[in-house]
file work_3.txt (compact mmCIF, C-alpha atoms and all ligand atoms)
# COMPACT_ATOMS: atom_id res chain seq x y z
CA MET A 1 137.60 56.91 125.14
CA THR A 2 135.74 59.07 122.64
CA GLU A 3 137.54 59.13 119.30
CA ILE A 4 137.97 62.53 117.65
CA PHE A 5 138.90 63.20 114.02
CA LYS A 6 141.49 65.96 113.61
CA GLY A 7 141.78 66.29 109.80
CA SER A 8 140.48 69.06 107.54
CA PHE A 9 137.55 68.47 105.18
CA THR A 10 138.66 71.29 102.90
CA GLN A 11 142.38 70.55 102.56
CA GLN A 12 143.31 69.29 99.08
CA GLU A 13 146.61 67.79 98.11
CA PRO A 14 149.37 70.08 96.83
CA ILE A 15 149.76 70.70 93.11
CA PRO A 16 152.05 67.97 91.67
CA GLU A 17 155.70 69.01 91.33
CA ALA A 18 155.51 68.72 87.54
CA GLY A 19 152.69 71.28 87.57
CA ILE A 20 154.64 73.64 89.83
CA GLU A 21 157.67 73.37 87.52
CA ALA A 22 155.56 74.02 84.42
CA ALA A 23 153.85 76.97 86.14
CA LEU A 24 157.23 78.49 86.98
CA THR A 25 158.31 78.17 83.36
CA VAL A 26 155.21 80.08 82.26
CA LEU A 27 155.79 82.73 84.94
CA ARG A 28 159.42 83.09 83.84
CA HIS A 29 158.62 83.63 80.15
CA GLY A 30 155.58 85.74 80.98
CA ARG A 31 153.34 84.57 78.12
CA LEU A 32 150.28 83.83 80.22
CA HIS A 33 147.60 84.69 77.67
CA ARG A 34 146.68 81.61 75.66
CA TYR A 35 147.25 83.34 72.32
CA ASN A 36 150.53 84.95 73.39
CA THR A 37 152.93 82.43 71.86
CA SER A 38 156.39 82.78 70.34
CA ALA A 39 157.20 81.59 66.78
CA GLU A 40 156.81 77.81 66.89
CA GLU A 41 155.38 77.61 70.39
CA ILE A 42 152.16 75.77 71.16
CA SER A 43 150.44 77.19 74.23
CA GLU A 44 149.92 75.19 77.42
CA THR A 45 146.20 75.85 77.03
CA ALA A 46 146.04 74.36 73.52
CA LEU A 47 147.99 71.29 74.70
CA LEU A 48 145.72 70.91 77.73
CA GLU A 49 142.64 70.96 75.50
CA GLN A 50 144.12 68.32 73.23
CA GLU A 51 144.99 66.12 76.19
CA PHE A 52 141.61 66.49 77.89
CA ALA A 53 139.77 65.76 74.64
CA ALA A 54 141.80 62.55 74.33
CA ALA A 55 141.15 61.66 77.99
CA VAL A 56 137.36 61.66 77.52
CA GLY A 57 137.35 60.64 73.85
CA ALA A 58 135.86 63.89 72.53
CA LYS A 59 136.58 65.46 69.16
CA TYR A 60 136.65 69.01 70.48
CA CYS A 61 137.59 70.61 73.77
CA LEU A 62 137.68 74.21 74.96
CA ALA A 63 139.31 75.22 78.26
CA VAL A 64 137.60 78.15 79.96
CA ALA A 65 137.57 80.28 83.09
CA SER A 66 135.14 78.20 85.20
CA GLY A 67 132.64 75.37 85.17
CA GLY A 68 129.84 77.89 85.37
CA TYR A 69 131.22 79.69 82.33
CA ALA A 70 131.42 76.38 80.43
CA MET A 71 127.72 75.71 81.09
CA ALA A 72 126.56 79.22 80.14
CA THR A 73 128.70 78.99 76.99
CA ALA A 74 127.19 75.62 76.10
CA LEU A 75 123.68 77.04 76.51
CA ARG A 76 124.58 80.04 74.32
CA ALA A 77 126.22 77.81 71.71
CA LEU A 78 122.98 75.81 71.52
CA GLY A 79 121.07 79.00 70.81
CA VAL A 80 119.16 79.30 74.09
CA GLN A 81 117.46 82.71 74.14
CA PRO A 82 116.27 84.96 76.97
CA GLY A 83 112.97 83.66 78.31
CA ASP A 84 113.53 80.12 77.01
CA PRO A 85 112.75 77.37 79.51
CA VAL A 86 115.70 75.06 80.30
CA LEU A 87 115.18 71.82 82.19
CA SER A 88 117.60 71.20 85.06
CA ASN A 89 117.97 69.42 88.39
CA ALA A 90 116.19 70.44 91.59
CA PHE A 91 119.17 68.94 93.45
CA THR A 92 122.34 70.61 92.23
CA LEU A 93 124.70 73.47 93.01
CA ALA A 94 123.92 77.16 92.53
CA PRO A 95 126.14 77.66 89.41
CA VAL A 96 123.85 75.34 87.44
CA PRO A 97 120.59 77.35 87.61
CA GLY A 98 122.88 80.39 87.65
CA ALA A 99 124.21 79.48 84.18
CA VAL A 100 120.62 79.35 82.90
CA ALA A 101 119.78 82.66 84.57
CA ALA A 102 122.95 84.22 83.10
CA LEU A 103 121.27 84.05 79.68
CA GLY A 104 117.97 85.39 80.97
CA ALA A 105 116.54 81.92 80.39
CA THR A 106 114.27 80.18 82.91
CA PRO A 107 115.18 77.03 84.84
CA VAL A 108 112.46 74.36 84.97
CA PHE A 109 113.43 72.07 87.82
CA VAL A 110 113.13 68.30 87.61
CA GLY A 111 112.90 66.29 90.83
CA VAL A 112 115.41 64.07 92.59
CA THR A 113 115.02 60.40 93.55
CA GLU A 114 116.27 58.48 96.58
CA ALA A 115 119.22 57.43 94.40
CA LEU A 116 120.07 61.19 94.31
CA THR A 117 119.68 61.24 90.53
CA ILE A 118 117.23 63.11 88.32
CA ASP A 119 113.68 61.71 88.47
CA LEU A 120 113.13 60.26 85.00
CA ASP A 121 109.33 60.09 85.47
CA ASP A 122 109.29 63.80 86.28
CA LEU A 123 111.60 64.43 83.30
CA ARG A 124 109.23 62.53 81.02
CA ALA A 125 106.30 64.55 82.36
CA LYS A 126 108.10 67.86 81.73
CA ALA A 127 109.82 66.90 78.45
CA GLY A 128 107.37 68.94 76.38
CA GLN A 129 108.29 72.14 78.20
CA ALA A 130 111.83 72.76 76.91
CA LYS A 131 114.28 72.03 74.12
CA VAL A 132 117.38 71.83 76.33
CA LEU A 133 118.26 69.90 79.49
CA LEU A 134 121.18 71.06 81.62
CA LEU A 135 121.72 67.78 83.46
CA SER A 136 123.76 67.93 86.65
CA HIS A 137 125.46 64.76 87.87
CA MET A 138 125.24 66.25 91.32
CA ARG A 139 127.69 64.80 93.85
CA GLY A 140 128.76 62.29 91.24
CA HIS A 141 125.47 60.37 91.05
CA ILE A 142 124.78 59.34 87.45
CA CYS A 143 121.24 58.39 86.44
CA ASP A 144 120.44 55.69 83.89
CA MET A 145 121.95 57.64 80.99
CA ASP A 146 120.60 55.26 78.37
CA ALA A 147 117.05 55.83 79.62
CA LEU A 148 117.60 59.58 79.95
CA MET A 149 118.97 59.92 76.43
CA ALA A 150 116.05 57.87 75.06
CA ILE A 151 113.57 60.27 76.71
CA CYS A 152 115.45 63.34 75.48
CA ASP A 153 116.04 62.04 71.96
CA ALA A 154 112.35 61.17 71.60
CA ALA A 155 111.35 64.66 72.77
CA GLY A 156 113.99 66.48 70.68
CA ILE A 157 115.75 67.75 73.80
CA LYS A 158 119.46 68.57 73.58
CA VAL A 159 121.43 67.50 76.64
CA ILE A 160 124.28 69.43 78.26
CA GLU A 161 125.97 67.45 81.03
CA ASP A 162 127.32 69.21 84.10
CA CYS A 163 130.20 66.94 85.07
CA ALA A 164 131.65 69.07 87.86
CA HIS A 165 131.54 65.99 90.11
CA THR A 166 131.98 63.28 87.47
CA MET A 167 135.26 64.07 85.74
CA GLY A 168 136.74 60.56 85.38
CA ALA A 169 133.41 58.80 85.97
CA ALA A 170 131.37 56.80 83.43
CA TRP A 171 127.99 55.19 82.72
CA ASN A 172 128.06 51.83 80.98
CA GLY A 173 131.69 52.45 80.06
CA VAL A 174 130.98 55.79 78.35
CA PRO A 175 132.72 58.71 80.10
CA SER A 176 130.47 61.18 81.86
CA GLY A 177 130.05 64.18 79.59
CA ARG A 178 129.97 62.03 76.44
CA HIS A 179 126.31 61.00 76.46
CA GLY A 180 124.79 64.37 75.71
CA LEU A 181 125.68 66.92 73.04
CA VAL A 182 128.03 68.86 75.32
CA GLY A 183 129.92 67.98 78.50
CA CYS A 184 131.01 70.66 80.99
CA TYR A 185 133.61 70.23 83.73
CA SER A 186 135.04 72.37 86.51
CA CYS A 187 138.72 72.66 87.53
CA GLN A 188 137.88 74.55 90.68
CA THR A 189 139.80 73.60 93.83
CA TYR A 190 137.11 71.27 95.22
CA LYS A 191 136.67 69.21 92.04
CA HIS A 192 138.81 66.45 90.53
CA VAL A 193 141.59 68.63 89.15
CA ASN A 194 142.65 71.88 90.79
CA SER A 195 143.69 75.14 89.17
CA GLY A 196 141.81 77.31 91.64
CA GLU A 197 139.28 78.19 88.95
CA GLY A 198 138.77 76.78 85.48
CA GLY A 199 136.60 74.58 83.32
CA PHE A 200 136.25 72.52 80.14
CA LEU A 201 133.60 72.13 77.49
CA VAL A 202 133.70 69.08 75.22
CA THR A 203 131.58 68.10 72.23
CA ASP A 204 131.73 66.22 68.93
CA ASP A 205 129.60 68.87 67.21
CA PRO A 206 131.77 71.20 65.06
CA GLU A 207 129.20 73.99 65.04
CA VAL A 208 128.75 73.98 68.83
CA ALA A 209 132.52 73.82 69.28
CA ALA A 210 133.16 76.70 66.87
CA ARG A 211 130.53 78.85 68.56
CA ALA A 212 131.98 78.08 71.99
CA VAL A 213 135.50 79.01 70.83
CA MET A 214 134.25 82.33 69.44
CA LEU A 215 132.15 83.02 72.57
CA SER A 216 135.14 82.42 74.85
CA GLY A 217 137.02 85.25 73.14
CA SER A 218 139.32 83.85 70.47
CA TYR A 219 139.83 87.10 68.49
CA MET A 220 139.86 85.13 65.22
CA LEU A 221 142.86 83.16 66.50
CA TYR A 222 140.99 79.85 66.53
CA GLU A 223 143.58 78.29 64.25
CA ARG A 224 145.94 78.20 67.23
CA HIS A 225 143.77 75.59 68.91
CA LEU A 226 144.60 71.89 68.71
CA ALA A 227 141.15 70.62 69.75
CA ALA A 228 138.88 73.00 67.81
CA PRO A 229 137.11 72.22 64.53
CA PRO A 230 138.81 73.09 61.20
CA LYS A 231 138.65 76.72 60.08
CA GLU A 232 135.81 76.03 57.65
CA ALA A 233 133.54 75.53 60.67
CA PHE A 234 134.12 79.18 61.58
CA ALA A 235 133.26 80.59 58.13
CA THR A 236 130.03 82.31 59.16
CA ILE A 237 130.09 81.66 62.91
CA ARG A 238 133.05 84.04 63.26
CA TYR A 239 130.84 86.95 62.19
CA GLU A 240 127.69 86.13 64.12
CA THR A 241 129.05 85.10 67.52
CA PRO A 242 129.72 87.71 70.22
CA ASN A 243 132.89 87.63 72.30
CA ILE A 244 132.02 86.96 75.94
CA SER A 245 135.55 86.54 77.26
CA GLY A 246 136.14 83.58 79.55
CA ARG A 247 139.36 81.98 78.35
CA MET A 248 141.67 79.67 80.25
CA ASP A 249 145.23 81.02 80.67
CA ASN A 250 148.58 79.26 80.30
CA LEU A 251 149.40 79.38 83.99
CA ARG A 252 146.34 77.36 84.97
CA ALA A 253 146.77 75.09 81.97
CA ALA A 254 150.35 74.35 83.05
CA ILE A 255 149.11 73.40 86.53
CA LEU A 256 146.36 71.21 85.09
CA ARG A 257 148.20 69.18 82.45
CA PRO A 258 149.96 66.80 84.89
CA GLN A 259 146.71 66.46 86.83
CA VAL A 260 144.75 65.41 83.75
CA ALA A 261 147.50 62.87 83.01
CA ASP A 262 147.12 61.55 86.56
CA LEU A 263 143.33 61.58 86.74
CA ALA A 264 142.71 57.82 86.65
CA THR A 265 145.13 57.20 89.54
CA GLN A 266 143.54 59.94 91.61
CA CYS A 267 140.05 58.60 90.90
CA ALA A 268 141.09 55.16 92.12
CA ARG A 269 142.43 56.73 95.33
CA TRP A 270 139.12 58.56 95.86
CA ASN A 271 137.24 55.32 95.38
CA ASP A 272 139.41 53.47 97.91
CA ARG A 273 138.40 56.10 100.47
CA TYR A 274 134.76 56.12 99.41
CA HIS A 275 134.42 52.35 99.70
CA ARG A 276 135.98 52.33 103.19
CA LEU A 277 133.49 54.99 104.29
CA GLU A 278 130.59 53.19 102.66
CA ALA A 279 131.53 49.87 104.25
CA GLY A 280 131.79 51.55 107.63
CA LEU A 281 128.37 53.18 107.33
CA ARG A 282 126.44 50.27 105.87
CA GLY A 283 123.98 48.68 108.26
CA THR A 284 123.72 51.68 110.59
CA PRO A 285 120.11 51.67 111.85
CA GLY A 286 118.16 54.69 110.52
CA LEU A 287 120.81 55.54 107.92
CA THR A 288 120.35 54.78 104.22
CA VAL A 289 123.50 54.17 102.18
CA ILE A 290 123.12 55.17 98.51
CA ASP A 291 123.60 51.98 96.51
CA ARG A 292 125.50 52.64 93.31
CA PRO A 293 124.32 50.82 90.17
CA GLU A 294 126.63 48.37 88.47
CA GLU A 295 126.66 50.47 85.26
CA GLU A 296 128.12 53.42 87.13
CA THR A 297 131.88 53.97 87.35
CA ILE A 298 132.09 56.38 90.24
CA VAL A 299 134.62 58.90 91.49
CA GLY A 300 134.03 59.00 95.23
CA SER A 301 135.24 62.53 95.97
CA SER A 302 132.30 63.00 98.31
CA ILE A 303 129.83 60.68 100.01
CA GLN A 304 126.13 61.09 100.78
CA PHE A 305 123.71 59.17 102.92
CA LEU A 306 120.05 59.64 103.79
CA LEU A 307 118.42 60.15 107.15
CA LEU A 308 115.08 59.62 105.47
CA ASP A 309 111.95 60.85 107.25
CA TRP A 310 113.92 61.97 110.29
CA ALA A 311 112.70 64.96 112.26
CA ALA A 312 114.76 68.05 111.40
CA ASP A 313 115.85 68.47 115.01
CA ASP A 314 117.21 64.93 115.11
CA VAL A 315 119.24 65.53 111.94
CA ARG A 316 120.58 68.72 113.53
CA ARG A 317 121.58 66.74 116.61
CA VAL A 318 123.49 64.23 114.50
CA LEU A 319 125.33 67.04 112.70
CA ALA A 320 126.17 68.80 115.96
CA ARG A 321 127.38 65.61 117.63
CA CYS A 322 129.53 64.66 114.64
CA ALA A 323 130.93 68.21 114.45
CA GLU A 324 131.95 67.97 118.10
CA ARG A 325 134.02 64.95 117.14
CA GLY A 326 135.61 66.70 114.17
CA VAL A 327 133.38 65.30 111.42
CA GLU A 328 131.95 68.01 109.19
CA LEU A 329 128.67 66.99 107.59
CA LYS A 330 126.47 69.18 105.39
CA TRP A 331 122.70 68.89 105.23
CA PHE A 332 120.53 69.77 102.25
CA GLY A 333 117.36 69.81 104.37
CA ALA A 334 117.86 73.00 106.39
CA PRO A 335 115.25 75.68 105.71
CA GLU A 336 117.99 78.26 105.05
CA PRO A 337 120.89 77.47 102.68
CA LEU A 338 124.28 77.32 104.38
CA GLY A 339 127.50 77.29 102.36
CA PHE A 340 126.82 75.24 99.23
CA THR A 341 123.64 73.51 100.44
CA SER A 342 121.12 75.62 98.55
CA ARG A 343 118.42 73.82 96.55
CA TYR A 344 115.67 74.58 94.07
CA ASP A 345 113.48 76.50 96.50
CA SER A 346 116.45 78.67 97.56
CA TRP A 347 116.80 80.07 94.02
CA ARG A 348 113.91 82.48 94.17
CA TYR A 349 114.74 84.11 90.82
CA ALA A 350 113.21 80.97 89.34
CA GLU A 351 109.63 80.47 90.46
CA THR A 352 108.86 76.83 91.09
CA PRO A 353 105.98 74.91 92.59
CA GLN A 354 107.01 72.80 95.60
CA MET A 355 107.99 69.22 94.78
CA PRO A 356 106.94 67.14 97.80
CA ASP A 357 108.67 63.91 96.72
CA SER A 358 111.94 65.77 96.14
CA ASP A 359 111.50 67.73 99.36
CA ARG A 360 111.33 64.46 101.25
CA VAL A 361 114.63 63.29 99.72
CA LEU A 362 116.37 66.67 100.06
CA ALA A 363 115.32 66.84 103.73
CA GLY A 364 117.25 63.63 104.32
CA ILE A 365 120.49 64.25 102.36
CA VAL A 366 123.64 64.39 104.43
CA ASP A 367 126.81 65.13 102.50
CA MET A 368 130.50 64.86 103.23
CA ARG A 369 133.62 65.76 101.27
CA VAL A 370 136.36 63.18 100.91
CA PRO A 371 139.63 65.01 100.19
CA LEU A 372 142.59 62.87 99.15
CA THR A 373 144.48 64.13 102.19
CA PHE A 374 142.38 61.64 104.23
CA SER A 375 144.07 58.28 104.83
CA LEU A 376 142.08 55.04 104.66
CA GLU A 377 142.34 54.85 108.45
CA ASP A 378 140.87 58.36 108.64
CA CYS A 379 137.91 57.08 106.63
CA ASP A 380 137.41 54.14 109.01
CA LEU A 381 137.49 56.51 111.97
CA ILE A 382 135.03 58.97 110.37
CA ALA A 383 132.63 56.12 109.60
CA ARG A 384 132.85 54.90 113.21
CA ILE A 385 132.04 58.39 114.49
CA ILE A 386 129.06 58.85 112.16
CA ARG A 387 127.79 55.38 112.95
CA ALA A 388 127.97 55.99 116.70
CA GLU A 389 126.35 59.42 116.59
CA VAL A 390 123.57 58.45 114.17
CA GLY A 391 122.98 55.41 116.37
CA ALA A 392 122.84 57.46 119.56
CA VAL A 393 120.29 59.92 118.17
CA TYR A 394 118.29 57.20 116.43
CA GLN A 395 117.93 55.28 119.69
CA THR A 396 116.48 58.19 121.66
CA GLN A 397 114.31 58.98 118.63
CA SER A 398 112.81 55.52 118.38
CA THR A 399 112.37 55.30 122.17
CA ALA A 400 110.52 58.61 122.09
CA ALA A 401 108.33 57.34 119.27
CA GLU A 402 107.25 54.22 121.20
C1 LIG A 501 131.41 73.42 91.16
C2 LIG A 501 130.23 73.08 90.38
C3 LIG A 501 130.00 73.63 89.12
C4 LIG A 501 130.89 74.64 88.45
O1 LIG A 501 131.46 75.46 89.33
P1 LIG A 501 132.54 76.60 89.02
O2 LIG A 501 132.82 77.08 90.39
O3 LIG A 501 131.82 77.61 88.18
O4 LIG A 501 133.69 76.00 88.32
C5 LIG A 501 128.91 73.17 88.42
N1 LIG A 501 128.07 72.26 88.92
C6 LIG A 501 128.24 71.72 90.12
C7 LIG A 501 127.29 70.67 90.59
C8 LIG A 501 129.32 72.12 90.90
O5 LIG A 501 129.49 71.57 92.11
call {"tool": "encode", "arguments": {"input": "work_3.txt", "output": "structure tokens", "more": "lines below"}}
Ligand SMILES: *Cc1c(COP(=O)(O)O)cnc(C)c1O
result
Amino acid sequence: MTEIFKGSFTQQEPIPEAGIEAALTVLRHGRLHRYNTSAEEISETALLEQEFAAAVGAKYCLAVASGGYAMATALRALGVQPGDPVLSNAFTLAPVPGAVAALGATPVFVGVTEALTIDLDDLRAKAGQAKVLLLSHMRGHICDMDALMAICDAAGIKVIEDCAHTMGAAWNGVPSGRHGLVGCYSCQTYKHVNSGEGGFLVTDDPEVAARAVMLSGSYMLYERHLAAPPKEAFATIRYETPNISGRMDNLRAAILRPQVADLATQCARWNDRYHRLEAGLRGTPGLTVIDRPEEETIVGSSIQFLLLDWAADDVRRVLARCAERGVELKWFGAPEPLGFTSRYDSWRYAETPQMPDSDRVLAGIVDMRVPLTFSLEDCDLIARIIRAEVGAVYQTQSTAAE
């Protein structure tokens, strides 16, 4: 009997009841704008910022409209100007180079290794070209952050971390987003907390935080924040920083607060699923599991493996065969981007020489979401299906090659 998986790869869990209750309260009083508070009231957004800052151990936190907005705001707060080069990952999602392009700045792509992290040799080689690195922990893979920060500190490069896939993760015990100068997170439905859209920016730097607050559109009401720097930090910044509105609202904040409180539990549940999948895939001939370093505390909300040096048609056959059995895999190697699988050479607004070593890795990356609506048994079944279908194609492939 051929096993078929019937679950949905895009179905998240419902919003926790406490979030629904809090959202209804906000809807009933109608004060959705973060600065629309009654006499002694503290807004849901201000409380959310305080709680998220505490969760990652940051001094300052600003909640905003999206992860992409958080990154563009961080770049602006660091003074990136139109035409400035900004280092970033060749393997990431479109909002990352998009945030650079939003300022009229120019992405300079750094390659990807077989560990799916930024290529530190390539970074070292390109370190002289820019003063800012927008580092994406794409699909939750964290590079050796101690080595990366040493390279960037030596070259005078400021680091903004894109933690869209690493909220709750850590390197060497330090939360992701707390190694560089600024950490950016997304609260979009497919990330680790879900308010539909939303994002956070965290930093310990009072000047960067004050600029970010002004940029987000605080109308001189920054004293109503609980996780912003003291008002002295705004003394001149309040006059020189344009308002580029992108605030979080109280409805989303109400939905998010219980989720932030619950983050560690949810991360553990993701990892249970991830490890079942990983165990089921390990040892499949032709398939490379991505080994995670000991220093990395992961959040396994998606899983990747490599079909390294496979012919494109064979990868397509694996995807088609898995899809027939209900397992939705995405491939970063297709010549045309589909859904979210674009990569550096898809973003033609940024001219880039080809990177053959990265191309080889990208051509082999197969990616799968792991929503928490999957049971552990679902994960076992999915791994069995992938294992069988990769095996079937690999066999005909190696026979053909003989
Ligand atoms: C989702 C995502 C973002 C931010 O996305 P928004 O949709 O703007 O919240 C940033 N980087 C990566 C890698 C992402 O996947």
call {"tool": "closest_atom_pairs", "arguments": {"input": "work_3.txt", "of": "range 12-46 of chain A", "to": "range 223-247 of chain A", "cutoff": "9 Å", "atoms": "all atoms listed in the file", "output": "JSON lines"}}
result
{"residue": "A:His33", "atom": "CA", "partner": "A:Arg247", "partner_atom": "CA", "distance": 8.7}
{"residue": "A:Arg34", "atom": "CA", "partner": "A:Arg247", "partner_atom": "CA", "distance": 7.8}
{"residue": "A:Tyr35", "atom": "CA", "partner": "A:Arg224", "partner_atom": "CA", "distance": 7.4}
{"residue": "A:Ile42", "atom": "CA", "partner": "A:Arg224", "partner_atom": "CA", "distance": 7.7}
{"residue": "A:Ser43", "atom": "CA", "partner": "A:Arg224", "partner_atom": "CA", "distance": 8.4}
{"residue": "A:Thr45", "atom": "CA", "partner": "A:His225", "partner_atom": "CA", "distance": 8.5}
{"residue": "A:Ala46", "atom": "CA", "partner": "A:His225", "partner_atom": "CA", "distance": 5.3}
call {"tool": "residues_near_ligand", "arguments": {"input": "work_3.txt", "ligand": "ligand LIG 501 (chain A)", "cutoff": "6 Å", "atoms": "all atoms listed in the file", "output": "compact mmCIF listing (two decimals) with C-alpha atoms, in the frame of the given file"}}
result
# COMPACT_ATOMS: atom_id res chain seq x y z
CA SER A 66 135.14 78.20 85.20
CA GLY A 67 132.64 75.37 85.17
CA GLY A 68 129.84 77.89 85.37
CA THR A 92 122.34 70.61 92.23
CA LEU A 93 124.70 73.47 93.01
CA PRO A 95 126.14 77.66 89.41
CA VAL A 96 123.85 75.34 87.44
CA SER A 136 123.76 67.93 86.65
CA MET A 138 125.24 66.25 91.32
CA ASP A 162 127.32 69.21 84.10
CA ALA A 164 131.65 69.07 87.86
CA SER A 186 135.04 72.37 86.51
CA GLN A 188 137.88 74.55 90.68
CA GLY A 198 138.77 76.78 85.48
CA GLY A 199 136.60 74.58 83.32
call {"tool": "residues_around", "arguments": {"input": "work_3.txt", "residues": "Leu48 in chain A", "least_positions_apart": "2", "cutoff": "9 Å", "atoms": "all atoms listed in the file", "output": "VMD selection string"}}
result
chain A and resid 43 to 46 50 to 53 63 253 to 254 256 to 257 260
call {"tool": "atom_distance", "arguments": {"input": "work_3.txt", "atom1": "CA of Gln266 in chain A", "atom2": "CA of Val174 in chain A"}}
result
18.7 Å
call {"tool": "residues_around", "arguments": {"input": "work_3.txt", "residues": "range 106-109 of chain A", "least_positions_apart": "4", "cutoff": "6 Å", "atoms": "all atoms listed in the file", "output": "number ranges by chain"}}
result
A: 83-90
call {"tool": "closest_residue", "arguments": {"input": "work_3.txt", "among": "A:Met220, A:Val193, A:Met145, A:Val315", "to": "Thr117 in chain A", "atoms": "all atoms listed in the file"}}
result
A:Met145
call {"tool": "atom_distance", "arguments": {"input": "work_3.txt", "atom1": "CA of Asn271 in chain A", "atom2": "CA of Ser301 in chain A"}}
result
7.5 Å
call {"tool": "closest_atom_pairs", "arguments": {"input": "work_3.txt", "of": "range 109-143 of chain A", "to": "range 341-356 of chain A", "cutoff": "10 Å", "atoms": "only C-alpha atoms", "output": "Markdown table"}}
result
| residue | atom | partner | partner_atom | distance |
| --- | --- | --- | --- | --- |
| A:Phe109 | CA | A:Tyr344 | CA | 7.1 |
| A:Val110 | CA | A:Met355 | CA | 8.9 |
| A:Gly111 | CA | A:Met355 | CA | 6.9 |
| A:Val112 | CA | A:Met355 | CA | 9.3 |
call {"tool": "write_last_selection", "arguments": {"input": "work_3.txt", "atoms": "C-alpha atoms", "output": "PDB file, keeping the file's coordinate frame"}}
result
ATOM      1  CA  PHE A 109     113.430  72.070  87.820  1.00  0.00           C
ATOM      2  CA  VAL A 110     113.130  68.300  87.610  1.00  0.00           C
ATOM      3  CA  GLY A 111     112.900  66.290  90.830  1.00  0.00           C
ATOM      4  CA  VAL A 112     115.410  64.070  92.590  1.00  0.00           C
TER       5      VAL A 112
END
call {"tool": "residues_around", "arguments": {"input": "work_3.txt", "residues": "Phe374 in chain A", "least_positions_apart": "5", "cutoff": "12 Å", "atoms": "all atoms listed in the file", "output": "PDB file with C-alpha atoms, in the coordinates of the input"}}
result
ATOM      1  CA  PHE A   5     138.900  63.200 114.020  1.00  0.00           C
ATOM      2  CA  LYS A   6     141.490  65.960 113.610  1.00  0.00           C
ATOM      3  CA  GLY A   7     141.780  66.290 109.800  1.00  0.00           C
ATOM      4  CA  SER A   8     140.480  69.060 107.540  1.00  0.00           C
ATOM      5  CA  PHE A   9     137.550  68.470 105.180  1.00  0.00           C
ATOM      6  CA  THR A  10     138.660  71.290 102.900  1.00  0.00           C
ATOM      7  CA  GLN A  11     142.380  70.550 102.560  1.00  0.00           C
ATOM      8  CA  GLN A  12     143.310  69.290  99.080  1.00  0.00           C
ATOM      9  CA  GLU A  13     146.610  67.790  98.110  1.00  0.00           C
ATOM     10  CA  ARG A 269     142.430  56.730  95.330  1.00  0.00           C
ATOM     11  CA  TRP A 270     139.120  58.560  95.860  1.00  0.00           C
ATOM     12  CA  ASP A 272     139.410  53.470  97.910  1.00  0.00           C
ATOM     13  CA  ARG A 273     138.400  56.100 100.470  1.00  0.00           C
ATOM     14  CA  TYR A 274     134.760  56.120  99.410  1.00  0.00           C
ATOM     15  CA  ARG A 276     135.980  52.330 103.190  1.00  0.00           C
ATOM     16  CA  LEU A 277     133.490  54.990 104.290  1.00  0.00           C
ATOM     17  CA  SER A 301     135.240  62.530  95.970  1.00  0.00           C
ATOM     18  CA  SER A 302     132.300  63.000  98.310  1.00  0.00           C
ATOM     19  CA  ARG A 369     133.620  65.760 101.270  1.00  0.00           C
ATOM     20  CA  CYS A 379     137.910  57.080 106.630  1.00  0.00           C
ATOM     21  CA  ASP A 380     137.410  54.140 109.010  1.00  0.00           C
ATOM     22  CA  LEU A 381     137.490  56.510 111.970  1.00  0.00           C
ATOM     23  CA  ILE A 382     135.030  58.970 110.370  1.00  0.00           C
TER      24      ILE A 382
END
call {"tool": "closest_residue", "arguments": {"input": "work_3.txt", "among": "A:Leu27, A:Ala74, A:Leu307, A:Met248", "to": "Leu103 in chain A", "atoms": "all atoms listed in the file"}}
result
A:Ala74
call {"tool": "closest_residue", "arguments": {"input": "work_3.txt", "among": "A:Val213, A:Ile298, A:Leu62, A:Ile385", "to": "Gly183 in chain A", "atoms": "only C-alpha atoms"}}
result
A:Leu62
call {"tool": "closest_residue", "arguments": {"input": "work_3.txt", "among": "A:Leu47, A:Ala127, A:Leu362, A:Leu263", "to": "Thr113 in chain A", "atoms": "only C-alpha atoms"}}
result
A:Leu362
call {"tool": "atom_distance", "arguments": {"input": "work_3.txt", "atom1": "CA of Val299 in chain A", "atom2": "CA of Val370 in chain A"}}
result
10.5 Å
call {"tool": "residues_around", "arguments": {"input": "work_3.txt", "residues": "Pro14 in chain A", "least_positions_apart": "3", "cutoff": "12 Å", "atoms": "all atoms listed in the file", "output": "PyMOL selection string"}}
result
chain A and resi 11+17-20+189+193-196+255+259+371-373
call {"tool": "write_last_selection", "arguments": {"input": "work_3.txt", "atoms": "C-alpha atoms", "output": "compact mmCIF listing (two decimals), in the frame of the given file"}}
result
# COMPACT_ATOMS: atom_id res chain seq x y z
CA GLN A 11 142.38 70.55 102.56
CA GLU A 17 155.70 69.01 91.33
CA ALA A 18 155.51 68.72 87.54
CA GLY A 19 152.69 71.28 87.57
CA ILE A 20 154.64 73.64 89.83
CA THR A 189 139.80 73.60 93.83
CA VAL A 193 141.59 68.63 89.15
CA ASN A 194 142.65 71.88 90.79
CA SER A 195 143.69 75.14 89.17
CA GLY A 196 141.81 77.31 91.64
CA ILE A 255 149.11 73.40 86.53
CA GLN A 259 146.71 66.46 86.83
CA PRO A 371 139.63 65.01 100.19
CA LEU A 372 142.59 62.87 99.15
CA THR A 373 144.48 64.13 102.19
